[in-house]
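Asks: Dropping in target.pdb, with PDB, C-alpha atoms.
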MODEL        1
ATOM      1  CA  GLU A   1      21.528  -0.965  11.535
ATOM      2  CA  ILE A   2      19.414  -4.046  10.863
ATOM      3  CA  GLY A   3      21.199  -6.737   8.902
ATOM      4  CA  VAL A   4      18.826  -8.915   6.882
ATOM      5  CA  SER A   5      19.206 -11.832   4.509
ATOM      6  CA  ILE A   6      17.771 -11.843   1.026
ATOM      7  CA  GLY A   7      14.767 -14.122   0.995
ATOM      8  CA  VAL A   8      11.082 -14.269   1.762
ATOM      9  CA  GLY A   9       8.723 -13.793   4.686
ATOM     10  CA  GLY A  10      10.498 -12.981   7.931
ATOM     11  CA  GLN A  11      13.821 -12.502   6.139
ATOM     12  CA  LEU A  12      12.756  -9.239   4.499
ATOM     13  CA  TRP A  13      12.434  -5.722   5.936
ATOM     14  CA  TRP A  14       8.760  -5.208   5.087
ATOM     15  CA  ARG A  15       7.024  -1.838   4.747
ATOM     16  CA  CYS A  16       4.667  -2.780   7.576
ATOM     17  CA  ALA A  17       7.658  -2.926   9.928
ATOM     18  CA  ARG A  18       8.626   0.638   9.020
ATOM     19  CA  LEU A  19       5.044   1.801   9.579
ATOM     20  CA  LEU A  20       4.895   0.092  12.972
ATOM     21  CA  CYS A  21       8.199   1.638  14.075
ATOM     22  CA  SER A  22       6.951   5.052  12.981
ATOM     23  CA  TRP A  23       3.780   4.642  15.032
ATOM     24  CA  LEU A  24       5.657   3.378  18.086
ATOM     25  CA  LEU A  25       7.859   6.472  17.982
ATOM     26  CA  LYS A  26       4.752   8.569  18.678
ATOM     27  CA  GLU A  27       4.221   6.555  21.866
ATOM     28  CA  VAL A  28       7.817   6.789  23.053
ATOM     29  CA  THR A  29       6.876   8.229  26.452
ATOM     30  CA  LEU A  30       4.713   5.167  27.168
ATOM     31  CA  ILE A  31       7.219   2.645  25.809
ATOM     32  CA  ASN A  32      10.077   4.124  27.844
ATOM     33  CA  GLY A  33      10.797   1.585  30.581
ATOM     34  CA  ALA A  34       8.136  -0.850  29.338
ATOM     35  CA  VAL A  35       8.326  -4.601  28.777
ATOM     36  CA  LEU A  36       7.616  -5.468  25.139
ATOM     37  CA  LEU A  37       6.914  -8.657  23.178
ATOM     38  CA  GLU A  38       7.101  -8.911  19.383
ATOM     39  CA  LEU A  39       5.217 -11.749  17.707
ATOM     40  CA  GLY A  40       6.219 -13.086  14.293
ATOM     41  CA  ALA A  41       9.218 -10.805  14.450
ATOM     42  CA  GLY A  42      11.087 -12.028  11.352
ATOM     43  CA  THR A  43      14.233  -9.883  11.479
ATOM     44  CA  GLY A  44      13.304  -8.511  14.909
ATOM     45  CA  ALA A  45      13.513  -4.983  13.523
ATOM     46  CA  CYS A  46      10.546  -3.534  15.424
ATOM     47  CA  GLY A  47      11.562  -5.047  18.742
ATOM     48  CA  LEU A  48      15.154  -3.912  18.275
ATOM     49  CA  TYR A  49      13.929  -0.418  17.434
ATOM     50  CA  ALA A  50      11.989  -0.338  20.706
ATOM     51  CA  ALA A  51      15.099  -1.469  22.587
ATOM     52  CA  ALA A  52      17.482   0.930  20.846
ATOM     53  CA  GLY A  53      15.436   4.029  20.108
ATOM     54  CA  LEU A  54      12.454   3.964  22.471
ATOM     55  CA  ALA A  55      14.128   2.930  25.727
ATOM     56  CA  ALA A  56      12.032  -0.132  26.491
ATOM     57  CA  SER A  57      13.409  -1.919  29.550
ATOM     58  CA  TYR A  58      13.096  -5.476  28.203
ATOM     59  CA  VAL A  59      12.216  -6.830  24.749
ATOM     60  CA  LEU A  60      11.404 -10.406  23.782
ATOM     61  CA  ILE A  61      11.357 -11.009  20.021
ATOM     62  CA  THR A  62       9.744 -14.227  18.831
ATOM     63  CA  ASP A  63       9.053 -16.124  15.630
ATOM     64  CA  GLY A  64       7.905 -19.608  14.713
ATOM     65  CA  SER A  65      10.787 -20.067  12.260
ATOM     66  CA  CYS A  66      14.164 -21.381  13.441
ATOM     67  CA  SER A  67      15.935 -19.533  10.619
ATOM     68  CA  CYS A  68      14.256 -16.262  11.554
ATOM     69  CA  CYS A  69      15.256 -16.729  15.187
ATOM     70  CA  GLU A  70      18.855 -17.174  14.064
ATOM     71  CA  ILE A  71      18.655 -13.968  11.997
ATOM     72  CA  MET A  72      17.280 -12.134  15.040
ATOM     73  CA  ARG A  73      20.170 -13.320  17.211
ATOM     74  CA  GLU A  74      22.612 -12.093  14.572
ATOM     75  CA  ASN A  75      20.838  -8.732  14.457
ATOM     76  CA  ILE A  76      21.054  -8.413  18.237
ATOM     77  CA  GLU A  77      24.811  -8.952  18.052
ATOM     78  CA  ARG A  78      25.150  -6.561  15.126
ATOM     79  CA  ASN A  79      23.297  -3.806  16.991
ATOM     80  CA  GLN A  80      24.465  -4.557  20.516
ATOM     81  CA  GLN A  81      26.140  -1.193  20.985
ATOM     82  CA  LEU A  82      22.859   0.599  20.222
ATOM     83  CA  LEU A  83      20.609  -1.397  22.518
ATOM     84  CA  GLU A  84      19.483   0.223  25.739
ATOM     85  CA  ALA A  85      17.440  -2.772  26.875
ATOM     86  CA  ARG A  86      17.950  -6.471  27.381
ATOM     87  CA  VAL A  87      16.744  -8.267  24.255
ATOM     88  CA  GLU A  88      16.076 -11.986  24.044
ATOM     89  CA  VAL A  89      14.910 -14.336  21.294
ATOM     90  CA  ALA A  90      12.442 -17.202  21.597
ATOM     91  CA  GLU A  91      10.873 -19.570  19.095
ATOM     92  CA  LEU A  92       7.098 -19.239  19.406
ATOM     93  CA  MET A  93       4.170 -20.291  17.241
ATOM     94  CA  PHE A  94       0.774 -18.628  17.617
ATOM     95  CA  GLU A  95      -0.716 -21.991  18.586
ATOM     96  CA  ASP A  96       1.803 -22.447  21.413
ATOM     97  CA  GLU A  97       1.142 -21.659  25.030
ATOM     98  CA  PRO A  98       2.275 -18.052  25.678
ATOM     99  CA  LEU A  99       5.709 -17.763  27.242
ATOM    100  CA  PRO A 100       5.880 -16.900  30.955
ATOM    101  CA  GLY A 101       5.734 -13.280  31.981
ATOM    102  CA  ALA A 102       3.530 -10.225  31.519
ATOM    103  CA  PHE A 103       4.086  -7.570  28.862
ATOM    104  CA  ASP A 104       3.085  -3.927  28.628
ATOM    105  CA  TRP A 105       3.130  -4.018  24.829
ATOM    106  CA  ILE A 106       2.529  -6.836  22.346
ATOM    107  CA  ILE A 107       3.419  -5.869  18.786
ATOM    108  CA  GLY A 108       3.474  -7.538  15.387
ATOM    109  CA  SER A 109       4.260  -6.469  11.835
ATOM    110  CA  ASP A 110       2.248  -7.957   8.948
ATOM    111  CA  ILE A 111       1.455 -11.111  10.902
ATOM    112  CA  THR A 112      -2.176 -11.113   9.720
ATOM    113  CA  TYR A 113      -1.524 -12.174   6.096
ATOM    114  CA  ASP A 114      -2.350 -15.863   6.707
ATOM    115  CA  VAL A 115      -6.052 -16.213   7.488
ATOM    116  CA  THR A 116      -5.510 -19.769   8.743
ATOM    117  CA  ALA A 117      -3.353 -18.343  11.546
ATOM    118  CA  HIS A 118      -5.939 -15.817  12.781
ATOM    119  CA  HIS A 119      -7.495 -18.181  15.328
ATOM    120  CA  GLY A 120      -4.133 -18.953  16.911
ATOM    121  CA  LEU A 121      -3.054 -15.311  16.819
ATOM    122  CA  CYS A 122      -6.221 -14.056  18.523
ATOM    123  CA  HIS A 123      -6.056 -16.817  21.122
ATOM    124  CA  MET A 124      -2.443 -15.882  21.881
ATOM    125  CA  VAL A 125      -3.200 -12.157  22.089
ATOM    126  CA  LYS A 126      -6.169 -12.725  24.374
ATOM    127  CA  ARG A 127      -4.107 -14.791  26.815
ATOM    128  CA  LEU A 128      -1.329 -12.188  26.836
ATOM    129  CA  LEU A 129      -3.681  -9.230  27.366
ATOM    130  CA  GLN A 130      -5.369 -11.018  30.261
ATOM    131  CA  ARG A 131      -2.072 -11.227  32.114
ATOM    132  CA  LYS A 132      -1.625  -7.512  32.684
ATOM    133  CA  ARG A 133      -4.163  -4.753  33.135
ATOM    134  CA  GLY A 134      -3.548  -1.956  30.673
ATOM    135  CA  ALA A 135      -1.460  -4.063  28.279
ATOM    136  CA  ARG A 136      -1.805  -3.069  24.624
ATOM    137  CA  CYS A 137      -1.525  -5.085  21.417
ATOM    138  CA  ILE A 138      -0.582  -3.078  18.317
ATOM    139  CA  LEU A 139      -0.274  -4.652  14.872
ATOM    140  CA  SER A 140       0.576  -3.279  11.456
ATOM    141  CA  HIS A 141      -1.606  -4.822   8.761
ATOM    142  CA  GLU A 142      -1.096  -4.708   5.012
ATOM    143  CA  HIS A 143      -4.402  -4.644   3.162
ATOM    144  CA  ARG A 144      -4.688  -7.303   0.500
ATOM    145  CA  ARG A 145      -7.733  -6.146  -1.357
ATOM    146  CA  VAL A 146      -9.903  -7.946  -3.872
ATOM    147  CA  PRO A 147     -11.977  -6.374  -6.675
ATOM    148  CA  PRO A 148     -15.441  -5.274  -5.528
ATOM    149  CA  THR A 149     -18.216  -7.740  -6.325
ATOM    150  CA  ASN A 150     -21.037  -5.567  -5.053
ATOM    151  CA  GLN A 151     -21.688  -2.291  -3.264
ATOM    152  CA  GLN A 152     -21.440  -3.760   0.230
ATOM    153  CA  ASP A 153     -18.453  -2.353   2.109
ATOM    154  CA  LEU A 154     -16.246  -4.299   4.520
ATOM    155  CA  ALA A 155     -17.981  -3.016   7.643
ATOM    156  CA  GLY A 156     -21.359  -4.232   6.432
ATOM    157  CA  SER A 157     -19.872  -7.601   5.544
ATOM    158  CA  MET A 158     -18.355  -7.916   8.998
ATOM    159  CA  LEU A 159     -21.690  -7.104  10.574
ATOM    160  CA  ARG A 160     -23.299  -9.951   8.640
ATOM    161  CA  HIS A 161     -20.600 -12.376   9.807
ATOM    162  CA  HIS A 162     -21.014 -11.195  13.399
ATOM    163  CA  SER A 163     -24.823 -11.404  13.470
ATOM    164  CA  GLY A 164     -24.587 -13.763  16.426
ATOM    165  CA  ALA A 165     -21.830 -11.895  18.255
ATOM    166  CA  ARG A 166     -22.283  -9.744  21.301
ATOM    167  CA  LYS A 167     -24.585  -6.773  20.854
ATOM    168  CA  ARG A 168     -21.913  -4.477  22.165
ATOM    169  CA  HIS A 169     -19.374  -5.594  19.585
ATOM    170  CA  ILE A 170     -21.910  -5.171  16.782
ATOM    171  CA  ALA A 171     -22.623  -1.657  18.026
ATOM    172  CA  GLU A 172     -18.902  -0.884  17.997
ATOM    173  CA  LEU A 173     -18.554  -2.146  14.430
ATOM    174  CA  ASP A 174     -21.579  -0.102  13.399
ATOM    175  CA  ALA A 175     -20.016   3.008  14.942
ATOM    176  CA  LEU A 176     -16.809   2.311  13.001
ATOM    177  CA  ARG A 177     -18.664   1.847   9.716
ATOM    178  CA  PRO A 178     -17.815   5.270   8.186
ATOM    179  CA  ARG A 179     -14.142   4.924   9.155
ATOM    180  CA  LEU A 180     -13.880   1.373   7.884
ATOM    181  CA  ALA A 181     -15.488   2.240   4.561
ATOM    182  CA  SER A 182     -12.705   4.717   3.833
ATOM    183  CA  TRP A 183     -10.098   2.652   5.661
ATOM    184  CA  ASP A 184     -10.402  -0.365   3.376
ATOM    185  CA  ALA A 185     -13.476  -1.708   1.638
ATOM    186  CA  ARG A 186     -12.325  -5.006   0.150
ATOM    187  CA  ASP A 187      -9.948  -6.788   2.506
ATOM    188  CA  PRO A 188     -10.936 -10.423   3.204
ATOM    189  CA  HIS A 189      -7.889 -10.861   5.463
ATOM    190  CA  LEU A 190      -9.074  -8.045   7.709
ATOM    191  CA  GLU A 191     -12.601  -9.422   7.645
ATOM    192  CA  SER A 192     -11.305 -12.816   8.749
ATOM    193  CA  LEU A 193      -9.322 -11.189  11.551
ATOM    194  CA  PHE A 194     -12.413  -9.351  12.812
ATOM    195  CA  GLU A 195     -14.329 -12.620  12.852
ATOM    196  CA  SER A 196     -11.609 -14.465  14.800
ATOM    197  CA  ALA A 197     -11.211 -11.539  17.190
ATOM    198  CA  ALA A 198     -14.923 -11.526  18.013
ATOM    199  CA  LYS A 199     -14.876 -15.259  18.736
ATOM    200  CA  HIS A 200     -12.075 -14.687  21.248
ATOM    201  CA  GLY A 201     -13.635 -11.706  22.990
ATOM    202  CA  LEU A 202     -11.422  -9.134  21.285
ATOM    203  CA  THR A 203     -12.250  -5.935  19.492
ATOM    204  CA  ILE A 204     -10.205  -4.220  16.772
ATOM    205  CA  ILE A 205      -9.797  -0.478  16.386
ATOM    206  CA  PRO A 206      -8.058   1.189  13.404
ATOM    207  CA  LEU A 207      -5.494   3.756  14.545
ATOM    208  CA  GLN A 208      -3.690   4.864  11.389
ATOM    209  CA  THR A 209      -3.653   4.151   7.649
ATOM    210  CA  GLN A 210      -0.873   4.783   5.165
ATOM    211  CA  ARG A 211      -1.623   4.657   1.445
ATOM    212  CA  GLU A 212       0.845   4.412  -1.410
ATOM    213  CA  GLN A 213      -0.380   5.108  -4.939
ATOM    214  CA  GLY A 214       1.474   3.776  -7.965
ATOM    215  CA  GLU A 215       0.780   3.760 -11.665
ATOM    216  CA  SER A 216      -0.759   0.304 -11.571
ATOM    217  CA  PHE A 217      -1.370  -0.346  -7.881
ATOM    218  CA  GLU A 218      -2.778   1.062  -4.690
ATOM    219  CA  ASN A 219      -1.207  -0.235  -1.517
ATOM    220  CA  ASP A 220      -2.618   0.287   1.960
ATOM    221  CA  ALA A 221      -1.223  -0.519   5.376
ATOM    222  CA  SER A 222      -2.809   0.235   8.720
ATOM    223  CA  ILE A 223      -2.026   0.231  12.416
ATOM    224  CA  ILE A 224      -4.686  -1.616  14.396
ATOM    225  CA  GLU A 225      -5.153  -2.297  18.080
ATOM    226  CA  LEU A 226      -6.562  -5.516  19.505
ATOM    227  CA  SER A 227      -8.079  -5.162  22.946
ATOM    228  CA  LEU A 228     -10.202  -7.199  25.311
ATOM    229  CA  LEU A 229     -13.936  -6.673  25.444
ATOM    230  CA  SER A 230     -15.017  -5.876  28.963
ATOM    231  CA  VAL A 231     -17.969  -8.294  28.777
ATOM    232  CA  PRO A 232     -17.551 -11.912  29.917
ATOM    233  CA  ASP A 233     -16.269 -14.300  27.270
ATOM    234  CA  SER A 234     -16.662 -18.080  27.174
ATOM    235  CA  THR A 235     -13.715 -18.697  24.801
ATOM    236  CA  SER A 236     -10.744 -20.293  26.534
TER     237      SER A 236
ENDMDL
END
Could you write out this file's structure as C-alpha cells?
Replies:
Amino acid sequence: EIGVSIGVGGQLWWRCARLLCSWLLKEVTLINGAVLLELGAGTGACGLYAAAGLAASYVLITDGSCSCCEIMRENIERNQQLLEARVEVAELMFEDEPLPGAFDWIIGSDITYDVTAHHGLCHMVKRLLQRKRGARCILSHEHRRVPPTNQQDLAGSMLRHHSGARKRHIAELDALRPRLASWDARDPHLESLFESAAKHGLTIIPLQTQREQGESFENDASIIELSLLSVPDSTS
C-alpha cells in the first residue's frame, strides 16, 4: 500500500516507478541484503518496494522537495508492518554533496525529465558510484520524443555531440547504434543525459524498454544503467 496525494511531480505514482519496481524484482537475489539509495523519490514507492518486497537491508529515500519528504515519511508509517528493512528519509538536491555512506544500489524513477538537472544528477551519481566498487545506478526514463526533423537517429546525434569525448566512449555509442535507433530515435532529454554523462566520466547502457501504444500517442519508458568509465576522468 502506497498512499499518495493528488498533485503533480513527486506526488503522483508515475508509470516509470512501476517499470522500475518491475525491473528490480528481476534482480531480487542481488538486492536481498543490499543497501539502497533512491534519488528524487517523490512518494518513495520504489525504495519502499525494495524494503518491503525485495529484502534490502537498509533504504534511504531522498527528494529535494520538503513536501515530498513529508509524503515519504507518511508512506513509511502507513506501510511499516510490511517493511523488512530500516527506511529513512532525507532531503537531498542533485547539486548537494552526497550524504555520508556507501550504497550497493542507486535508483531513480523519471528523474531525467529536467535537462537543466542532468549536470547535477550525473555529478551526484559519479560521486556515489566512486564510493563502492560494484555499486550500480539504475534509472527509469520516460522518453519525451519530438517529431523527426531529418533522417539522423539519436545515436548519430549523440556521436556528433561527443566528437571530443573519449575514443572508448564513442566506440561504445557506435556499438549501441542499432539498439538506440530502435530504442528511441527522437529524445532530446536522453541526448542531453548522454552528453552530461560523458562529461562526468559515465556511460549509459539501455537495459529494457516498455512501449505503450494508444490511438493518438506512443509512449516509451526505458530502464537505463549509469556506470563509471574505467578510464581516468578529470571531472571533479
Asks: So what do you get for CA of His141 in chain A versus CA of Glu195 in chain A, distance-wise?
Replies: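 Separating CA of His141 in chain A from CA of Glu195 in chain A is a distance of 15.5 Å.
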Asks: Any idea what's packed within 7 Å of Leu202 in chain A, counting all atoms listed in the file, ignoring anything in its chain fewer than 5 positions away? Could you give it as a VMD selection string?
Replies: chain A and resid 197 226 to 229
Asks: Can you list, as a ChimeraX atom specification, every protein, DNA or RNA residue that comes within 12 Å of Ile138 in chain A when you count only C-alpha atoms, leaving out same-chain residues fewer than 4 positions away?
Replies: /A:16-17,19-21,23-24,27,36-39,46,104-112,125,129,204-208,222-227
Asks: Grab the residues selected above and save them as a PDB file, in the frame of the given file with C-alpha atoms.
Replies:
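What landed in selection.pdb:
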ATOM      1  CA  CYS A  16       4.667  -2.780   7.576  1.00  0.00           C
ATOM      2  CA  ALA A  17       7.658  -2.926   9.928  1.00  0.00           C
ATOM      3  CA  LEU A  19       5.044   1.801   9.579  1.00  0.00           C
ATOM      4  CA  LEU A  20       4.895   0.092  12.972  1.00  0.00           C
ATOM      5  CA  CYS A  21       8.199   1.638  14.075  1.00  0.00           C
ATOM      6  CA  TRP A  23       3.780   4.642  15.032  1.00  0.00           C
ATOM      7  CA  LEU A  24       5.657   3.378  18.086  1.00  0.00           C
ATOM      8  CA  GLU A  27       4.221   6.555  21.866  1.00  0.00           C
ATOM      9  CA  LEU A  36       7.616  -5.468  25.139  1.00  0.00           C
ATOM     10  CA  LEU A  37       6.914  -8.657  23.178  1.00  0.00           C
ATOM     11  CA  GLU A  38       7.101  -8.911  19.383  1.00  0.00           C
ATOM     12  CA  LEU A  39       5.217 -11.749  17.707  1.00  0.00           C
ATOM     13  CA  CYS A  46      10.546  -3.534  15.424  1.00  0.00           C
ATOM     14  CA  ASP A 104       3.085  -3.927  28.628  1.00  0.00           C
ATOM     15  CA  TRP A 105       3.130  -4.018  24.829  1.00  0.00           C
ATOM     16  CA  ILE A 106       2.529  -6.836  22.346  1.00  0.00           C
ATOM     17  CA  ILE A 107       3.419  -5.869  18.786  1.00  0.00           C
ATOM     18  CA  GLY A 108       3.474  -7.538  15.387  1.00  0.00           C
ATOM     19  CA  SER A 109       4.260  -6.469  11.835  1.00  0.00           C
ATOM     20  CA  ASP A 110       2.248  -7.957   8.948  1.00  0.00           C
ATOM     21  CA  ILE A 111       1.455 -11.111  10.902  1.00  0.00           C
ATOM     22  CA  THR A 112      -2.176 -11.113   9.720  1.00  0.00           C
ATOM     23  CA  VAL A 125      -3.200 -12.157  22.089  1.00  0.00           C
ATOM     24  CA  LEU A 129      -3.681  -9.230  27.366  1.00  0.00           C
ATOM     25  CA  ILE A 204     -10.205  -4.220  16.772  1.00  0.00           C
ATOM     26  CA  ILE A 205      -9.797  -0.478  16.386  1.00  0.00           C
ATOM     27  CA  PRO A 206      -8.058   1.189  13.404  1.00  0.00           C
ATOM     28  CA  LEU A 207      -5.494   3.756  14.545  1.00  0.00           C
ATOM     29  CA  GLN A 208      -3.690   4.864  11.389  1.00  0.00           C
ATOM     30  CA  SER A 222      -2.809   0.235   8.720  1.00  0.00           C
ATOM     31  CA  ILE A 223      -2.026   0.231  12.416  1.00  0.00           C
ATOM     32  CA  ILE A 224      -4.686  -1.616  14.396  1.00  0.00           C
ATOM     33  CA  GLU A 225      -5.153  -2.297  18.080  1.00  0.00           C
ATOM     34  CA  LEU A 226      -6.562  -5.516  19.505  1.00  0.00           C
ATOM     35  CA  SER A 227      -8.079  -5.162  22.946  1.00  0.00           C
TER      36      SER A 227
END
Asks: Any chance you could resolve the PyMOL selection byres ((chain A and resi 103) around 10) against this file and give the residues as a ChimeraX atom specification?
Replies: /A:34-37,58-60,100-102,104-106,128-129,131-137
Asks: Compare A:Arg127, A:Arg73, A:His200, A:Arg144 by their minimum atom-to-atom distance to Gly42 in chain A, counting all atoms listed in the file, and give me the closest one.
Replies: A:Arg73
Asks: Just how far from CA of Leu193 in chain A is CA of His118 in chain A, in Å to one decimal?
Replies: 5.9 Å
Asks: Just the number, please: distance in Å from CA of Leu121 in chain A to CA of Glu95 in chain A, one decimal.
Replies: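 Separation of CA of Leu121 in chain A and CA of Glu95 in chain A: 7.3 Å.
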Asks: Name the residues that the PyMOL selection byres ((chain A and resi 72) around 9) picks from the file above, as a PyMOL selection string, using the file's chain letters and numbers.
Replies: chain A and resi 4+41-45+61-62+67-71+73-77+89
Asks: Using only C-alpha atoms, which of the listed residues (A:Gln130, A:Met124, A:Gln81, A:Thr203) sits closest to Glu97 in chain A?
Replies: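 Closest to Glu97 in chain A, using only C-alpha atoms: A:Met124.
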Asks: Select, from A:Leu139, A:Cys122, A:Leu99, A:Tyr113, the residue with the minimum atom-to-atom distance to Pro188 in chain A, counting only C-alpha atoms.
Replies: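 Distance minimum relative to Pro188 in chain A lands on A:Tyr113.
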Asks: Please write the residues picked by the PyMOL selection byres ((chain A and resi 57) around 10) on this file as a JSON list (two decimals) with C-alpha atoms, in the coordinates of the input.
Replies:
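Okay, this is what ended up in expr-v5.json:
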[["chain", "number", "residue", "atom", "x", "y", "z"],
["A", 31, "ILE", "CA", 7.22, 2.64, 25.81],
["A", 32, "ASN", "CA", 10.08, 4.12, 27.84],
["A", 33, "GLY", "CA", 10.80, 1.58, 30.58],
["A", 34, "ALA", "CA", 8.14, -0.85, 29.34],
["A", 35, "VAL", "CA", 8.33, -4.60, 28.78],
["A", 36, "LEU", "CA", 7.62, -5.47, 25.14],
["A", 50, "ALA", "CA", 11.99, -0.34, 20.71],
["A", 51, "ALA", "CA", 15.10, -1.47, 22.59],
["A", 54, "LEU", "CA", 12.45, 3.96, 22.47],
["A", 55, "ALA", "CA", 14.13, 2.93, 25.73],
["A", 56, "ALA", "CA", 12.03, -0.13, 26.49],
["A", 58, "TYR", "CA", 13.10, -5.48, 28.20],
["A", 59, "VAL", "CA", 12.22, -6.83, 24.75],
["A", 84, "GLU", "CA", 19.48, 0.22, 25.74],
["A", 85, "ALA", "CA", 17.44, -2.77, 26.88],
["A", 86, "ARG", "CA", 17.95, -6.47, 27.38],
["A", 87, "VAL", "CA", 16.74, -8.27, 24.26]]
Asks: Out of A:Ala221, A:Asp63, A:Val115, A:Gly53, which residue has the shortest atom-to-atom distance to Thr29 in chain A when counting all atoms listed in the file?
Replies: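 The closest residue to Thr29 in chain A is A:Gly53.
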Asks: Output file request: range 15-22 of chain A, with all heavy atoms, as a JSON list (two decimals), in the first residue's frame.
Replies:
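Heads up, here's the output in decode.json:
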[["chain", "number", "residue", "atom", "x", "y", "z"],
["A", 15, "ARG", "N", 4.17, 6.04, -14.02],
["A", 15, "ARG", "CA", 4.38, 4.74, -14.68],
["A", 15, "ARG", "C", 5.83, 4.31, -14.60],
["A", 15, "ARG", "O", 6.13, 3.12, -14.49],
["A", 15, "ARG", "CB", 3.95, 4.84, -16.15],
["A", 15, "ARG", "CG", 4.12, 3.54, -16.93],
["A", 15, "ARG", "CD", 3.46, 3.65, -18.28],
["A", 15, "ARG", "NE", 4.21, 4.53, -19.17],
["A", 15, "ARG", "CZ", 5.11, 4.10, -20.05],
["A", 15, "ARG", "NH1", 5.37, 2.82, -20.14],
["A", 15, "ARG", "NH2", 5.73, 4.94, -20.83],
["A", 16, "CYS", "N", 6.75, 5.27, -14.66],
["A", 16, "CYS", "CA", 8.17, 4.92, -14.57],
["A", 16, "CYS", "C", 8.50, 4.21, -13.26],
["A", 16, "CYS", "O", 9.38, 3.36, -13.21],
["A", 16, "CYS", "CB", 9.02, 6.17, -14.71],
["A", 16, "CYS", "SG", 9.54, 6.52, -16.40],
["A", 17, "ALA", "N", 7.81, 4.58, -12.19],
["A", 17, "ALA", "CA", 8.04, 3.92, -10.90],
["A", 17, "ALA", "C", 7.62, 2.46, -10.97],
["A", 17, "ALA", "O", 8.30, 1.58, -10.44],
["A", 17, "ALA", "CB", 7.28, 4.65, -9.80],
["A", 18, "ARG", "N", 6.50, 2.18, -11.60],
["A", 18, "ARG", "CA", 6.05, 0.80, -11.75],
["A", 18, "ARG", "C", 7.04, 0.00, -12.58],
["A", 18, "ARG", "O", 7.33, -1.16, -12.27],
["A", 18, "ARG", "CB", 4.67, 0.76, -12.38],
["A", 18, "ARG", "CG", 3.58, 1.43, -11.54],
["A", 18, "ARG", "CD", 2.19, 1.07, -12.02],
["A", 18, "ARG", "NE", 1.93, 1.53, -13.38],
["A", 18, "ARG", "CZ", 1.43, 2.72, -13.67],
["A", 18, "ARG", "NH1", 1.16, 3.59, -12.70],
["A", 18, "ARG", "NH2", 1.20, 3.06, -14.92],
["A", 19, "LEU", "N", 7.55, 0.61, -13.66],
["A", 19, "LEU", "CA", 8.53, -0.08, -14.51],
["A", 19, "LEU", "C", 9.80, -0.38, -13.73],
["A", 19, "LEU", "O", 10.36, -1.48, -13.84],
["A", 19, "LEU", "CB", 8.83, 0.78, -15.74],
["A", 19, "LEU", "CG", 9.89, 0.22, -16.70],
["A", 19, "LEU", "CD1", 9.45, -1.12, -17.28],
["A", 19, "LEU", "CD2", 10.19, 1.22, -17.82],
["A", 20, "LEU", "N", 10.27, 0.59, -12.94],
["A", 20, "LEU", "CA", 11.48, 0.37, -12.16],
["A", 20, "LEU", "C", 11.29, -0.74, -11.14],
["A", 20, "LEU", "O", 12.16, -1.60, -10.98],
["A", 20, "LEU", "CB", 11.90, 1.67, -11.47],
["A", 20, "LEU", "CG", 13.17, 1.62, -10.63],
["A", 20, "LEU", "CD1", 14.36, 1.15, -11.46],
["A", 20, "LEU", "CD2", 13.47, 2.98, -10.00],
["A", 21, "CYS", "N", 10.16, -0.75, -10.45],
["A", 21, "CYS", "CA", 9.89, -1.81, -9.48],
["A", 21, "CYS", "C", 9.86, -3.18, -10.16],
["A", 21, "CYS", "O", 10.38, -4.17, -9.63],
["A", 21, "CYS", "CB", 8.57, -1.55, -8.76],
["A", 21, "CYS", "SG", 8.62, -0.18, -7.59],
["A", 22, "SER", "N", 9.27, -3.23, -11.33],
["A", 22, "SER", "CA", 9.21, -4.49, -12.08],
["A", 22, "SER", "C", 10.60, -4.97, -12.44],
["A", 22, "SER", "O", 10.90, -6.17, -12.34],
["A", 22, "SER", "CB", 8.35, -4.30, -13.34],
["A", 22, "SER", "OG", 8.35, -5.46, -14.13]]
